[in-house]
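Worksheet for the structure shown next.
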Amino acid sequence: MTSSPFALLTLDGDDVARLLPMRDCIALMADTLASLADGHGVLPLRTVIPLPDAAGWLYTMPAFAAAPPALAVKLVTIFPANHGGPLPSHQGVLILFDAGDGRPVALIDATEVTAIRTAAVSAVATGALAREDATELALLGAGVQARAHLEAIPLVRPVRRVRVWSRNAGRTLAFAERMARRLAFPIEAVPDARAAVEGAHIVCTVTSAGAPVLRGEWLAPGAHVNAIGASTPATREVDTATIRRARVYVDRRAAALAEAGDLLIPIAEGVITTAHIVAEIGDVIRGTADGRSGPADVTLFKSLGLAIEDAAAAHLLYQRALADPARPIVHLPPRSPQ
């Protein structure tokens, strides 16, 4: 029995960056999360394989997005020791299938997709939860996600000043100087996390830390936090005081209660219960759940990253790449008779 050859479109990181501008991805993520909140799509919990000695993890993330139909699976590794080196901590591939006949149609660099869509989702949450007059941004972390968030957040709030901190002072300074040359507002490298956070209106934790780098007493009234970096039950970036103080929102409740140490540890401590999660962010976008109740609220969005976000991004990338005359195509030969 033989099968017909088919063409597999391949997209590297440069292709992804060109075909998926941040502003477009923010709009796409808002639509995707609202559709998910409406019950459209299939999204099982991801499978995680821990490697020996906690060196890293392999994640398998399948999803089906209903509107438009997109069937995809992301395979991604997370190696925290890569953070700050030549390789990113998150690396992987994203495979898009034809939702009508099951053919694999695209193989996409998941590293760049993850960077863009993660920051885009934070921007969606910031747009839904942060104060309209938020202008001061704090970044805890100076890696790939810090760069992506520095691109995304000013698209939804009028950022006028940024303070950035990471554990590597030299890398933090280099990051601040490099990004300041690209952007129209000052970016200051500061010596400690508290100096970055105090007085900030928006705080993004984008580190590889396994223990808290953000403390609740540092947060100004009315601040909004995007907690991004920690993604296992035993790791967290924000302390219990932050969670206790904040109105907490998640991308997916089931995922957060299975994987988010930022929430699971305070629950285990008996400080909060699962009811402390106000809503999924898609419900806020749809208008079926409340966001902040007043200007002094501290709000927090806990992001784990959802495969349905990757599926939606892959579908859009595929459609745009088909119209790109420079797209790379790999023609796969038919199988031998069996």
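Ligands are numbered from 1 in the order shown, chains are lettered A, B, ... in the order of the structure tokens, and residues start at 1 in each chain.
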At most 12 Å is the cut-off: for each residue in range 212-278 of chain A with any atom that close to an atom of range 74-86 of chain A, write down the nearest atom pair and the distance in Å rounded to one decimal, counting only C-alpha atoms, chain first then increasing number, as JSON lines.
```
{"residue": "A:Gly229", "atom": "CA", "partner": "A:Pro80", "partner_atom": "CA", "distance": 10.3}
{"residue": "A:Ala230", "atom": "CA", "partner": "A:Pro80", "partner_atom": "CA", "distance": 10.4}
{"residue": "A:Ser231", "atom": "CA", "partner": "A:Ile78", "partner_atom": "CA", "distance": 9.9}
{"residue": "A:Thr232", "atom": "CA", "partner": "A:Ile78", "partner_atom": "CA", "distance": 11.0}
{"residue": "A:Thr235", "atom": "CA", "partner": "A:Pro80", "partner_atom": "CA", "distance": 11.8}
```
Could the residues in this selection be saved with C-alpha atoms as a short mmCIF file (atom, residue, chain, number, x, y, z; two decimals), in the first residue's frame?
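File part24.cif, as written:
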```cif
data_model
loop_
_atom_site.label_atom_id
_atom_site.label_comp_id
_atom_site.auth_asym_id
_atom_site.auth_seq_id
_atom_site.Cartn_x
_atom_site.Cartn_y
_atom_site.Cartn_z
CA GLY A 229 8.24 31.94 34.46
CA ALA A 230 7.35 29.11 36.86
CA SER A 231 5.44 26.17 35.38
CA THR A 232 5.71 23.23 37.79
CA THR A 235 8.39 26.16 41.61
#
```
Using DSSP on the backbone coordinates, identify the residues of range 183-285 of chain A assigned to strand (DSSP E); present them as a count of residues only.
-> 19
Find the residues near Asp283 in chain A: any atom within 9 Å, counting only C-alpha atoms, skip ones fewer than 6 places away on the same chain, and give them as a list in words.
-> Leu33, Ala34, Ala37, Asp38, Ala289 and Asp290 of chain A
Go ahead and save the picked residues with C-alpha atoms, as a PDB file, in the first residue's frame.
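Output file again_1.pdb is given in full below:
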```pdb
ATOM      1  CA  LEU A  33      -8.995  32.697  24.719  1.00  0.00           C
ATOM      2  CA  ALA A  34     -12.518  34.075  24.362  1.00  0.00           C
ATOM      3  CA  ALA A  37     -14.053  30.293  27.316  1.00  0.00           C
ATOM      4  CA  ASP A  38     -17.108  29.737  25.106  1.00  0.00           C
ATOM      5  CA  ALA A 289     -16.395  37.647  34.689  1.00  0.00           C
ATOM      6  CA  ASP A 290     -15.294  40.804  36.431  1.00  0.00           C
TER       7      ASP A 290
END
```
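If only C-alpha atoms are the atoms counted, then among A:Val162, A:Ala314, A:Ala125, A:Ala323 the closest residue to Pro104 in chain A is A:Ala314.
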Got a sec: who's within 10 Å of Pro158 in chain A, counting only C-alpha atoms, leaving out chain neighbours fewer than 6 positions off, as a PyMOL selection string?
-> chain A and resi 132-137
Atoms to include: N, CA and C atoms. Write the selected residues as a JSON list (two decimals), in the first residue's frame.
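Below you can see selection37.json, which holds the result:
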```json
[["chain", "number", "residue", "atom", "x", "y", "z"],
["A", 132, "GLU", "N", -5.98, 51.74, 33.38],
["A", 132, "GLU", "CA", -5.81, 52.40, 32.08],
["A", 132, "GLU", "C", -4.63, 53.38, 32.08],
["A", 133, "ASP", "N", -4.31, 53.93, 33.26],
["A", 133, "ASP", "CA", -3.24, 54.93, 33.34],
["A", 133, "ASP", "C", -1.91, 54.32, 33.75],
["A", 134, "ALA", "N", -1.75, 53.01, 33.58],
["A", 134, "ALA", "CA", -0.50, 52.34, 33.95],
["A", 134, "ALA", "C", 0.61, 52.73, 32.99],
["A", 135, "THR", "N", 1.68, 53.31, 33.52],
["A", 135, "THR", "CA", 2.80, 53.78, 32.69],
["A", 135, "THR", "C", 4.15, 53.22, 33.13],
["A", 136, "GLU", "N", 4.26, 52.70, 34.35],
["A", 136, "GLU", "CA", 5.54, 52.24, 34.89],
["A", 136, "GLU", "C", 5.58, 50.71, 34.84],
["A", 137, "LEU", "N", 6.55, 50.17, 34.12],
["A", 137, "LEU", "CA", 6.67, 48.73, 33.92],
["A", 137, "LEU", "C", 7.92, 48.21, 34.61]]
```
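With distances restricted to only C-alpha atoms, A:Ala70 is the closest residue to Leu316 in chain A from A:Ala70, A:Arg23, A:Arg181, A:Met61.
Compared by their closest atoms to Asp297 in chain A, and using only C-alpha atoms, the residues A:Val203, A:Leu58, A:Ile281, A:Leu129 rank with A:Leu129 nearest.
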Can you pull out every residue within 10 Å of Ala148 in chain A, counting only C-alpha atoms, but drop anything in the same chain fewer than 2 positions away, and send it as a ChimeraX atom specification?
-> /A:22,112,114-120,143-146,150-153
Using only C-alpha atoms, which residue out of A:Glu259, A:Asp15, A:Glu269, A:Asp251 lies closest to Ala307 in chain A?
-> A:Asp251
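Picture a line from CA of Ile95 in chain A to CA of Phe64 in chain A; it runs 12.1 Å.
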